[in-house]
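Colleague: So here's input-v4.csv (CSV, C-alpha atoms).
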```csv
chain,number,residue,atom,x,y,z
A,3,MET,CA,-68.2,176.1,130.7
A,4,LYS,CA,-66.0,173.2,129.7
A,5,THR,CA,-64.1,174.1,126.5
A,6,ALA,CA,-61.6,172.1,124.5
A,7,PHE,CA,-59.1,174.3,122.8
A,8,LEU,CA,-57.8,172.9,119.5
A,9,PHE,CA,-54.6,174.3,117.9
A,10,ASN,CA,-51.4,173.6,116.0
A,11,VAL,CA,-48.0,174.7,117.3
A,12,LYS,CA,-45.6,176.6,115.1
A,13,LEU,CA,-42.0,175.6,115.6
A,14,SER,CA,-40.2,177.1,112.7
A,15,ILE,CA,-38.9,180.7,112.2
A,16,PRO,CA,-39.5,182.8,109.1
A,17,SER,CA,-37.4,181.8,106.2
A,18,ARG,CA,-36.9,182.8,102.5
A,19,ASN,CA,-36.6,179.1,101.8
A,20,ILE,CA,-40.1,178.1,100.8
A,21,ALA,CA,-39.5,174.5,101.9
A,22,ASN,CA,-39.0,175.8,105.5
A,23,GLN,CA,-42.3,177.6,105.6
A,24,LYS,CA,-44.4,174.5,106.1
A,25,ASP,CA,-45.9,175.4,109.5
A,26,ILE,CA,-46.1,179.2,109.1
A,27,GLU,CA,-49.9,179.1,109.4
A,28,PHE,CA,-49.7,177.5,112.8
A,29,ASP,CA,-49.7,179.5,116.1
A,30,SER,CA,-46.7,180.2,118.3
A,31,PRO,CA,-46.6,178.8,121.8
A,32,GLN,CA,-47.0,182.4,123.1
A,33,VAL,CA,-50.3,182.9,121.1
A,34,ILE,CA,-51.6,179.6,122.2
A,35,ALA,CA,-50.9,180.4,125.9
A,36,ALA,CA,-52.5,183.8,125.5
A,37,ILE,CA,-55.7,182.4,124.1
A,38,GLU,CA,-55.8,179.7,126.8
A,39,ALA,CA,-55.4,182.4,129.5
A,40,THR,CA,-58.2,184.4,127.9
A,41,LEU,CA,-60.6,181.5,127.8
A,42,LYS,CA,-59.9,180.9,131.5
A,43,SER,CA,-60.4,184.5,132.3
A,44,LEU,CA,-63.8,184.3,130.7
A,45,GLY,CA,-64.7,181.5,133.1
A,46,HIS,CA,-63.9,178.4,131.0
A,47,SER,CA,-62.2,175.3,132.2
A,48,VAL,CA,-59.9,174.4,129.3
A,49,ILE,CA,-58.7,171.1,127.8
A,50,LYS,CA,-55.8,171.8,125.4
A,51,ILE,CA,-55.6,169.4,122.5
A,52,GLU,CA,-53.1,169.7,119.7
A,53,ALA,CA,-54.6,168.9,116.3
A,54,ASP,CA,-52.2,166.3,115.3
A,55,THR,CA,-52.9,162.8,113.9
A,56,ASP,CA,-54.3,161.7,117.3
A,57,ALA,CA,-56.8,164.6,117.6
A,58,PHE,CA,-59.9,162.6,116.8
A,59,GLU,CA,-59.1,160.0,119.5
A,60,LYS,CA,-58.4,162.8,122.0
A,61,LEU,CA,-61.7,164.5,121.3
A,62,LYS,CA,-63.5,161.1,121.6
A,63,GLN,CA,-61.7,160.5,124.9
A,64,PHE,CA,-62.8,163.8,126.4
A,65,LYS,CA,-66.2,164.1,124.7
A,66,SER,CA,-68.2,163.8,128.0
A,67,GLN,CA,-66.1,166.7,129.5
A,68,ILE,CA,-66.5,169.1,126.5
A,69,ASP,CA,-69.4,171.6,126.1
A,70,LEU,CA,-67.7,173.5,123.2
A,71,VAL,CA,-64.6,173.3,121.0
A,72,PHE,CA,-62.7,176.6,120.5
A,73,ASN,CA,-61.0,175.8,117.2
A,74,ILE,CA,-58.0,177.6,115.7
A,75,ALA,CA,-56.4,174.4,114.3
A,76,GLU,CA,-55.1,174.5,110.7
A,77,GLY,CA,-55.0,170.7,110.6
A,78,SER,CA,-52.3,168.1,110.0
A,79,GLY,CA,-52.1,167.8,106.2
A,80,GLY,CA,-53.9,167.9,102.9
A,81,ASP,CA,-55.5,170.6,100.9
A,82,ALA,CA,-58.7,170.7,103.1
A,83,ARG,CA,-56.8,170.3,106.4
A,84,GLU,CA,-58.8,173.2,108.1
A,85,SER,CA,-61.8,171.0,107.8
A,86,GLN,CA,-60.4,168.2,109.9
A,87,VAL,CA,-61.2,169.4,113.4
A,88,PRO,CA,-64.7,170.6,112.5
A,89,LEU,CA,-65.3,167.3,110.8
A,90,PHE,CA,-64.2,165.4,113.9
A,91,CYS,CA,-66.6,167.5,116.0
A,92,GLU,CA,-69.4,166.8,113.6
A,93,ILE,CA,-68.8,163.0,113.8
A,94,LEU,CA,-68.7,163.2,117.6
A,95,GLY,CA,-71.6,165.6,118.0
A,96,ILE,CA,-69.5,168.3,119.8
A,97,PRO,CA,-70.4,172.0,119.2
A,98,TYR,CA,-67.5,174.1,117.9
A,99,THR,CA,-66.5,177.6,116.9
A,100,HIS,CA,-65.9,178.9,113.4
A,101,SER,CA,-67.2,177.5,110.1
A,102,THR,CA,-68.3,174.1,109.0
A,103,PRO,CA,-66.0,171.5,107.3
A,104,THR,CA,-67.6,172.3,103.9
A,105,VAL,CA,-66.9,176.1,104.2
A,106,HIS,CA,-63.3,175.6,105.3
A,107,ALA,CA,-62.7,173.1,102.5
A,108,LEU,CA,-64.2,175.5,99.9
A,109,ARG,CA,-62.2,178.5,101.1
A,110,SER,CA,-59.0,176.4,101.0
A,111,ASP,CA,-59.3,176.2,97.2
A,112,LYS,CA,-58.7,179.7,96.1
A,113,HIS,CA,-59.6,179.1,92.5
A,114,LEU,CA,-62.9,177.3,93.3
A,115,THR,CA,-63.9,180.1,95.7
A,116,LYS,CA,-63.3,182.8,93.2
A,117,ALA,CA,-65.1,180.9,90.5
A,118,LEU,CA,-68.1,180.4,92.7
A,119,LEU,CA,-68.3,184.0,93.9
A,120,SER,CA,-67.6,185.5,90.5
A,121,GLY,CA,-70.1,183.1,88.9
A,122,ALA,CA,-72.7,184.3,91.4
A,123,GLY,CA,-72.0,187.9,90.5
A,124,ILE,CA,-70.8,188.8,93.9
A,125,VAL,CA,-67.2,189.7,93.2
A,126,ARG,CA,-64.8,190.5,90.4
A,127,ALA,CA,-61.8,188.1,90.4
A,128,PRO,CA,-58.4,188.5,88.7
A,129,GLY,CA,-58.1,186.9,85.3
A,130,GLY,CA,-55.2,184.7,84.2
A,131,LYS,CA,-54.2,185.6,80.7
A,132,ASN,CA,-52.2,188.9,80.7
A,133,PHE,CA,-48.7,189.4,82.1
A,134,PRO,CA,-47.6,190.2,84.6
A,135,LEU,CA,-49.0,187.2,86.4
A,136,LEU,CA,-48.9,186.2,90.0
A,137,VAL,CA,-48.1,182.6,90.8
A,138,LYS,CA,-49.1,181.2,94.2
A,139,PRO,CA,-50.1,178.0,96.0
A,140,ASN,CA,-53.8,177.3,95.6
A,141,SER,CA,-54.5,175.9,99.0
A,142,GLU,CA,-52.1,177.7,101.4
A,143,GLY,CA,-52.5,180.7,103.8
A,144,SER,CA,-50.4,183.2,105.6
A,145,SER,CA,-48.7,184.1,102.2
A,146,LYS,CA,-46.8,180.8,102.3
A,147,GLY,CA,-44.8,180.4,99.1
A,148,ILE,CA,-45.8,183.8,97.8
A,149,MET,CA,-42.4,185.4,97.2
A,150,ASP,CA,-41.5,188.6,95.3
A,151,GLU,CA,-40.3,186.4,92.4
A,152,ASN,CA,-43.8,185.0,92.1
A,153,VAL,CA,-44.7,188.0,89.9
A,154,VAL,CA,-43.6,186.9,86.5
A,155,LYS,CA,-43.4,188.8,83.2
A,156,ASP,CA,-43.1,186.1,80.6
A,157,LYS,CA,-43.7,182.4,79.8
A,158,GLU,CA,-40.2,181.4,80.9
A,159,GLU,CA,-40.5,183.0,84.3
A,160,LEU,CA,-43.9,181.5,84.7
A,161,LYS,CA,-42.7,178.0,83.9
A,162,GLU,CA,-39.8,178.3,86.3
A,163,ARG,CA,-41.9,179.7,89.2
A,164,VAL,CA,-44.6,177.0,88.8
A,165,LYS,CA,-41.8,174.4,89.0
A,166,VAL,CA,-40.4,176.0,92.2
A,167,LEU,CA,-43.8,176.0,93.9
A,168,LYS,CA,-44.6,172.4,92.8
A,169,GLU,CA,-41.3,171.2,94.2
A,170,SER,CA,-41.2,173.2,97.4
A,171,VAL,CA,-44.9,173.4,98.5
A,172,GLY,CA,-46.7,170.8,96.4
A,173,GLY,CA,-50.3,170.8,95.5
A,174,GLU,CA,-52.1,172.9,92.9
A,175,VAL,CA,-50.6,176.2,91.7
A,176,LEU,CA,-52.9,179.2,91.0
A,177,VAL,CA,-51.9,181.6,88.2
A,178,GLU,CA,-53.7,184.9,88.0
A,179,GLU,CA,-53.1,188.5,86.7
A,180,TYR,CA,-51.1,190.6,89.1
A,181,ILE,CA,-53.1,193.7,89.9
A,182,GLU,CA,-51.2,196.9,90.5
A,183,GLY,CA,-53.0,198.9,93.1
A,184,ARG,CA,-54.1,199.2,96.7
A,185,GLU,CA,-54.7,196.2,99.0
A,186,PHE,CA,-57.3,195.9,101.8
A,187,THR,CA,-58.2,193.3,104.4
A,188,VAL,CA,-61.6,193.2,106.2
A,189,GLY,CA,-62.5,191.4,109.4
A,190,ILE,CA,-66.1,190.2,109.9
A,191,LEU,CA,-67.3,189.1,113.4
A,192,GLY,CA,-70.4,187.2,114.5
A,193,ASN,CA,-73.7,186.2,112.9
A,194,TYR,CA,-77.3,187.3,112.8
A,195,PRO,CA,-76.2,189.9,111.8
A,196,ALA,CA,-72.5,189.8,111.2
A,197,ARG,CA,-70.4,192.9,112.0
A,198,VAL,CA,-67.8,194.4,109.6
A,199,LEU,CA,-64.8,195.6,111.5
A,200,PRO,CA,-62.8,198.7,110.4
A,201,ILE,CA,-61.2,198.2,107.0
A,202,ILE,CA,-57.4,197.9,106.9
A,203,GLU,CA,-55.3,199.1,104.0
A,204,GLN,CA,-51.9,197.4,103.6
A,205,LYS,CA,-49.1,199.9,103.0
A,206,PHE,CA,-46.0,199.2,100.9
A,207,ASP,CA,-43.7,202.2,101.2
A,208,PHE,CA,-41.5,200.4,103.8
A,209,LEU,CA,-40.6,197.6,101.3
A,210,PRO,CA,-37.1,197.8,99.7
A,211,GLU,CA,-37.1,199.7,96.4
A,212,GLY,CA,-38.0,197.5,93.4
A,213,MET,CA,-40.1,195.0,95.3
A,214,ASN,CA,-43.6,194.3,94.2
A,215,LYS,CA,-46.2,196.1,96.3
A,216,MET,CA,-48.2,193.1,97.6
A,217,ALA,CA,-48.7,191.3,100.8
A,218,SER,CA,-46.1,188.7,100.1
A,219,TYR,CA,-44.4,186.3,102.5
A,220,GLU,CA,-41.4,188.7,102.7
A,221,LEU,CA,-43.7,191.6,103.7
A,222,LYS,CA,-45.6,189.7,106.3
A,223,TRP,CA,-42.8,187.7,107.9
A,224,LEU,CA,-39.5,189.4,107.1
A,225,TYR,CA,-40.2,193.2,106.9
A,226,GLU,CA,-43.4,194.2,108.9
A,227,ASP,CA,-42.2,192.9,112.2
A,228,THR,CA,-38.9,194.8,112.0
A,229,LEU,CA,-40.6,198.1,111.8
A,230,LYS,CA,-40.1,200.4,114.8
A,231,ASN,CA,-43.4,202.1,114.0
A,232,LEU,CA,-45.9,199.4,112.9
A,233,HIS,CA,-48.3,202.1,111.6
A,234,GLU,CA,-46.0,202.3,108.6
A,235,ALA,CA,-47.4,199.0,107.5
A,236,TYR,CA,-51.1,199.8,107.5
A,237,ASP,CA,-53.9,202.4,107.8
A,238,CYS,CA,-56.9,201.4,110.0
A,239,PRO,CA,-59.4,202.5,109.4
A,240,ALA,CA,-58.4,202.8,105.8
A,241,LYS,CA,-58.3,206.3,104.3
A,242,ILE,CA,-60.9,205.7,101.6
A,243,SER,CA,-64.1,207.4,100.3
A,244,PRO,CA,-67.5,206.6,101.8
A,245,LYS,CA,-68.4,205.1,98.5
A,246,LEU,CA,-65.5,202.6,98.4
A,247,GLN,CA,-66.0,201.8,102.1
A,248,LYS,CA,-69.6,200.9,101.5
A,249,GLU,CA,-68.6,198.8,98.4
A,250,ILE,CA,-66.1,196.8,100.5
A,251,GLU,CA,-68.4,196.4,103.4
A,252,ASP,CA,-71.4,195.3,101.3
A,253,THR,CA,-69.3,192.9,99.2
A,254,SER,CA,-67.7,191.4,102.3
A,255,LEU,CA,-71.1,190.7,103.9
A,256,LYS,CA,-72.4,189.2,100.7
A,257,ILE,CA,-69.4,186.9,100.5
A,258,TYR,CA,-69.8,186.0,104.2
A,259,GLU,CA,-73.5,185.2,103.9
A,260,PHE,CA,-73.3,183.5,100.5
A,261,LEU,CA,-70.6,181.1,101.7
A,262,GLN,CA,-72.4,180.6,105.0
A,263,VAL,CA,-69.3,181.5,107.0
A,264,ARG,CA,-69.7,181.3,110.8
A,265,ASP,CA,-68.4,183.4,113.7
A,266,CYS,CA,-65.5,185.3,112.0
A,267,ALA,CA,-63.4,185.6,108.9
A,268,ARG,CA,-61.0,188.0,107.1
A,269,ILE,CA,-61.4,188.9,103.4
A,270,ASP,CA,-58.6,190.4,101.2
A,271,TYR,CA,-59.0,192.6,98.1
A,272,ARG,CA,-57.0,194.6,95.6
A,273,LEU,CA,-58.2,197.9,94.1
A,274,ASP,CA,-56.8,198.7,90.6
A,275,LYS,CA,-56.0,202.1,89.1
A,276,ASP,CA,-59.5,202.3,87.6
A,277,ASN,CA,-61.0,201.8,91.1
A,278,ASP,CA,-62.2,198.3,90.3
A,279,LEU,CA,-62.3,196.0,93.4
A,280,TYR,CA,-61.0,192.5,93.0
A,281,PHE,CA,-61.6,189.7,95.5
A,282,LEU,CA,-58.4,187.8,96.5
A,283,GLU,CA,-59.3,185.3,99.2
A,284,ILE,CA,-61.2,184.6,102.4
A,285,ASN,CA,-59.6,183.3,105.6
A,286,THR,CA,-62.2,181.4,107.8
A,287,LEU,CA,-59.6,180.9,110.6
A,288,PRO,CA,-58.1,184.4,110.9
A,289,GLY,CA,-55.1,184.8,113.1
A,290,LEU,CA,-55.7,185.7,116.8
A,291,ASN,CA,-52.5,187.1,118.1
A,292,PRO,CA,-53.1,189.5,121.0
A,293,ASP,CA,-49.6,190.9,121.0
A,294,GLU,CA,-49.8,194.6,120.0
A,295,THR,CA,-46.1,194.7,119.1
A,296,VAL,CA,-46.7,192.6,116.1
A,297,ILE,CA,-49.2,192.9,113.2
A,298,SER,CA,-52.2,190.5,113.4
A,299,TYR,CA,-54.9,192.1,111.3
A,300,PHE,CA,-58.0,190.6,112.8
A,301,PRO,CA,-57.3,191.5,116.4
A,302,LEU,CA,-55.9,194.9,115.2
A,303,ALA,CA,-59.2,195.7,113.5
A,304,ALA,CA,-61.1,194.6,116.6
A,305,ARG,CA,-59.0,197.0,118.7
A,306,VAL,CA,-59.7,199.9,116.4
A,307,ALA,CA,-63.4,199.0,116.8
A,308,GLY,CA,-63.1,199.3,120.6
A,309,LEU,CA,-62.9,195.6,121.4
A,310,THR,CA,-60.2,194.2,123.8
A,311,PHE,CA,-58.8,190.8,123.0
A,312,ASN,CA,-61.0,189.3,125.7
A,313,ASP,CA,-64.0,191.0,124.0
A,314,LEU,CA,-63.0,189.5,120.7
A,315,ILE,CA,-62.6,185.9,122.0
A,316,ALA,CA,-65.9,186.3,124.0
A,317,ALA,CA,-67.7,187.5,120.9
A,318,ILE,CA,-66.6,184.5,118.8
A,319,LEU,CA,-67.6,182.2,121.7
A,320,ALA,CA,-71.0,184.0,122.1
A,321,SER,CA,-71.7,183.7,118.3
A,322,ALA,CA,-70.9,180.0,118.3
A,323,CYS,CA,-73.0,179.4,121.5
A,324,LYS,CA,-76.0,181.1,120.0
A,325,ARG,CA,-75.8,179.0,116.9
A,326,TRP,CA,-75.6,175.8,118.9
A,327,GLY,CA,-78.3,176.8,121.3
A,328,ILE,CA,-75.9,176.8,124.3
A,329,ASP,CA,-77.6,179.1,126.8
A,330,GLU,CA,-75.2,178.9,129.8
A,331,TYR,CA,-72.6,181.2,128.2
A,332,GLN,CA,-73.2,184.9,128.6
A,333,VAL,CA,-71.1,187.7,127.1
A,334,THR,CA,-71.2,191.3,128.0
A,335,CYS,CA,-68.9,192.9,125.4
```
For the structure just supplied, provide its representation as C-alpha cells.

Modeller:
Amino acid sequence: MKTAFLFNVKLSIPSRNIANQKDIEFDSPQVIAAIEATLKSLGHSVIKIEADTDAFEKLKQFKSQIDLVFNIAEGSGGDARESQVPLFCEILGIPYTHSTPTVHALRSDKHLTKALLSGAGIVRAPGGKNFPLLVKPNSEGSSKGIMDENVVKDKEELKERVKVLKESVGGEVLVEEYIEGREFTVGILGNYPARVLPIIEQKFDFLPEGMNKMASYELKWLYEDTLKNLHEAYDCPAKISPKLQKEIEDTSLKIYEFLQVRDCARIDYRLDKDNDLYFLEINTLPGLNPDETVISYFPLAARVAGLTFNDLIAAILASACKRWGIDEYQVTC
C-alpha cells in the first residue's frame, strides 16, 4: 500500500521559558523514524512529507502515488492548525487517518468543546468563578504554557498570569476552577465499535513538595522523564472501583461518538474529593512514541492492553481503511 506519512519535526528541548515551548507538540526525529519503520514493516511504501507551508503542494504533487495519508501532523500555525492536513486531503480527495478537519478544529478550542459536551449533558466541566483558578492556553496541547504558577489564588495573580500567557503563547486564554483531586487519561482506539484502552491514573508523589498536583508542563517534560522508575508517574490500569471505571469508560465513548472522532483519541479527566468526574480535554492526535523508556500515554495503554506498537499502528490504519472502503489493507492484530 502506498502511504504518505505527514508529520512535524520537533527541534527544541524542554524549557521553563514558555516562549521556547512553541514546537513541543511536534514529534522528535526518533519518533518519526520509528513510525516510518513501522509502516514499512507492515508492508507500506512510504512517502514522507513534513507538514510545513508547502505541504499542500507536496500532497498535490504525489497524489497519484498515495492510497492513504497516515497523519500525525500538528500543522504549521493558527488555532485550528491540526485541521490543515485533513483539510488538504479533503480538497485533494485523498483518504487519511484520524479525525476530520471539523473535529480537529473543535477539539482545539477547549472552551467550545467543554461548552458543547456539557450542554449536551455528557460531561461535567470545571466552572470559572471560584479561586483557586487554573489559567491555560485555550488552543494548545502537550501542556504547553501550563506551568505550576498557572494556579492562581486571587485577582492580581490571575491578571498577571493571563498577561504572561498572552505575551508568551498568544491566542485565547482559558480560565477555569482548579480541581483538587485525581487525574486520569483514557485512550480510545478504532471505530464501529471503538475500544477503550486501560485507564491511566496520573501520579503526583514524585513532584517537588509544594507543587500543584496536576499534569503541568513541568511534570510532563521536566520531571517524568528523569524518573528511574517510570511507574512512579502512573498506574495503568488505574486502581479504581468498577463503578468509577464504568463511568469513565462510558463517558469516554459518549464523547468519542458525539464528537464523531475517528480512529483514535485520548481524553483527560479530574476526579474531585466528592468523586465527581470533570472533563478536561480531548486529544484527537494522541502521541505515538514507541520508546518504552519514556512516558507516552496512548502507546503505554495499548501495551497494557496487549498490543505491540506495530499492532497499534496497524489498528489505526485498519480503522481508517475500513471507513474509506479500502479493501487491500489487511490487519491481523

Colleague: Counting all atoms listed in the file, figure out which residue out of A:Ser17, A:Ser254, A:Asn132, A:Thr286 gets nearest to Ala75 of chain A.

Modeller: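 The shortest atom-to-atom distance to Ala75 of chain A comes from A:Thr286.
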
Colleague: Between atom CA of Glu59 of chain A and atom CA of Ala320 of chain A, what is the distance, to one decimal in Å?

Modeller: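 Rounded to one decimal, the two atoms are 26.9 Å apart.
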
Colleague: Given the choices A:Arg305, A:Lys62, A:Lys42, A:Lys12, which gets closest to Val87 of chain A if the distance is worked out from all atoms listed in the file?

Modeller: A:Lys62

Colleague: Excluding Tyr98 of chain A and its own-chain neighbours fewer than 3 positions away, which residues fall within 9 Å of it when counting all atoms listed in the file? Please give them as number ranges by chain.

Modeller: A: 69-73, 88, 91-92, 101-102, 319, 322-323, 326

Colleague: Ala196 of chain A: which residues within 9 Å, counting all atoms listed in the file, same-chain residues fewer than 3 positions away excluded, as a short mmCIF file (atom, residue, chain, number, x, y, z; two decimals) with C-alpha atoms, in the coordinates of the input?

Modeller:
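Generated file (around_11.cif):
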```cif
data_model
loop_
_atom_site.label_atom_id
_atom_site.label_comp_id
_atom_site.auth_asym_id
_atom_site.auth_seq_id
_atom_site.Cartn_x
_atom_site.Cartn_y
_atom_site.Cartn_z
CA ILE A 190 -66.10 190.20 109.90
CA LEU A 191 -67.30 189.10 113.40
CA GLY A 192 -70.40 187.20 114.50
CA ASN A 193 -73.70 186.20 112.90
CA LEU A 255 -71.10 190.70 103.90
CA TYR A 258 -69.80 186.00 104.20
CA GLU A 259 -73.50 185.20 103.90
CA ARG A 264 -69.70 181.30 110.80
CA ASP A 265 -68.40 183.40 113.70
CA CYS A 266 -65.50 185.30 112.00
#
```

Colleague: Nearest to Gln32 of chain A: which of A:Asp293, A:Glu220, A:Asp276, A:Asp227 is it, counting all atoms listed in the file?

Modeller: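 Closest to Gln32 of chain A of all the choices is A:Asp293.
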
Colleague: Which is closest to Phe58 of chain A among A:Ile96, A:Asp81, A:Ile37, A:Val171, if we use all atoms listed in the file?

Modeller: A:Ile96

Colleague: Can you list, as an NGL selection string, every protein, DNA or RNA residue that comes within 12 Å of Glu179 of chain A when you count all atoms listed in the file, leaving out same-chain residues fewer than 6 positions away?

Modeller: :A and (127-138 or 152-156 or 160 or 272 or 274 or 280 or 282)

Colleague: So what do you get for atom CA of Lys168 of chain A versus atom CA of Leu290 of chain A, distance-wise?

Modeller: 29.6 Å

Colleague: Return the single residue from A:Glu27, A:Asp278, A:Thr295, A:Gln86 that is closest to Leu246 of chain A, with distances computed using all atoms listed in the file.

Modeller: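 For Leu246 of chain A, the nearest of the given residues is A:Asp278.
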
Colleague: For Gly173 of chain A, list every protein, DNA or RNA residue within 12 Å, evaluated using only C-alpha atoms, and leave out those in the same chain fewer than 2 positions away; present the list as a VMD selection string.

Modeller: chain A and resid 79 to 82 110 to 111 138 to 142 147 164 to 171 175 to 176

Colleague: Taking all atoms listed in the file into account, name the residue in A:Phe90, A:Phe260, A:Tyr236, A:Phe206 that is nearest to Leu61 of chain A.

Modeller: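 Closest residue, counting all atoms listed in the file: A:Phe90.
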
Colleague: One decimal, in Å: what's the spacing between atom CA of Ile284 of chain A and atom CA of Ala57 of chain A?

Modeller: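 Calculated distance between atom CA of Ile284 of chain A and atom CA of Ala57 of chain A is 25.5 Å.
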
Colleague: So which residues touch Thr115 of chain A within 9 Å, counting only C-alpha atoms, skipping near sequence neighbours fewer than 6 positions away, as number ranges by chain?

Modeller: A: 108-109, 283-284
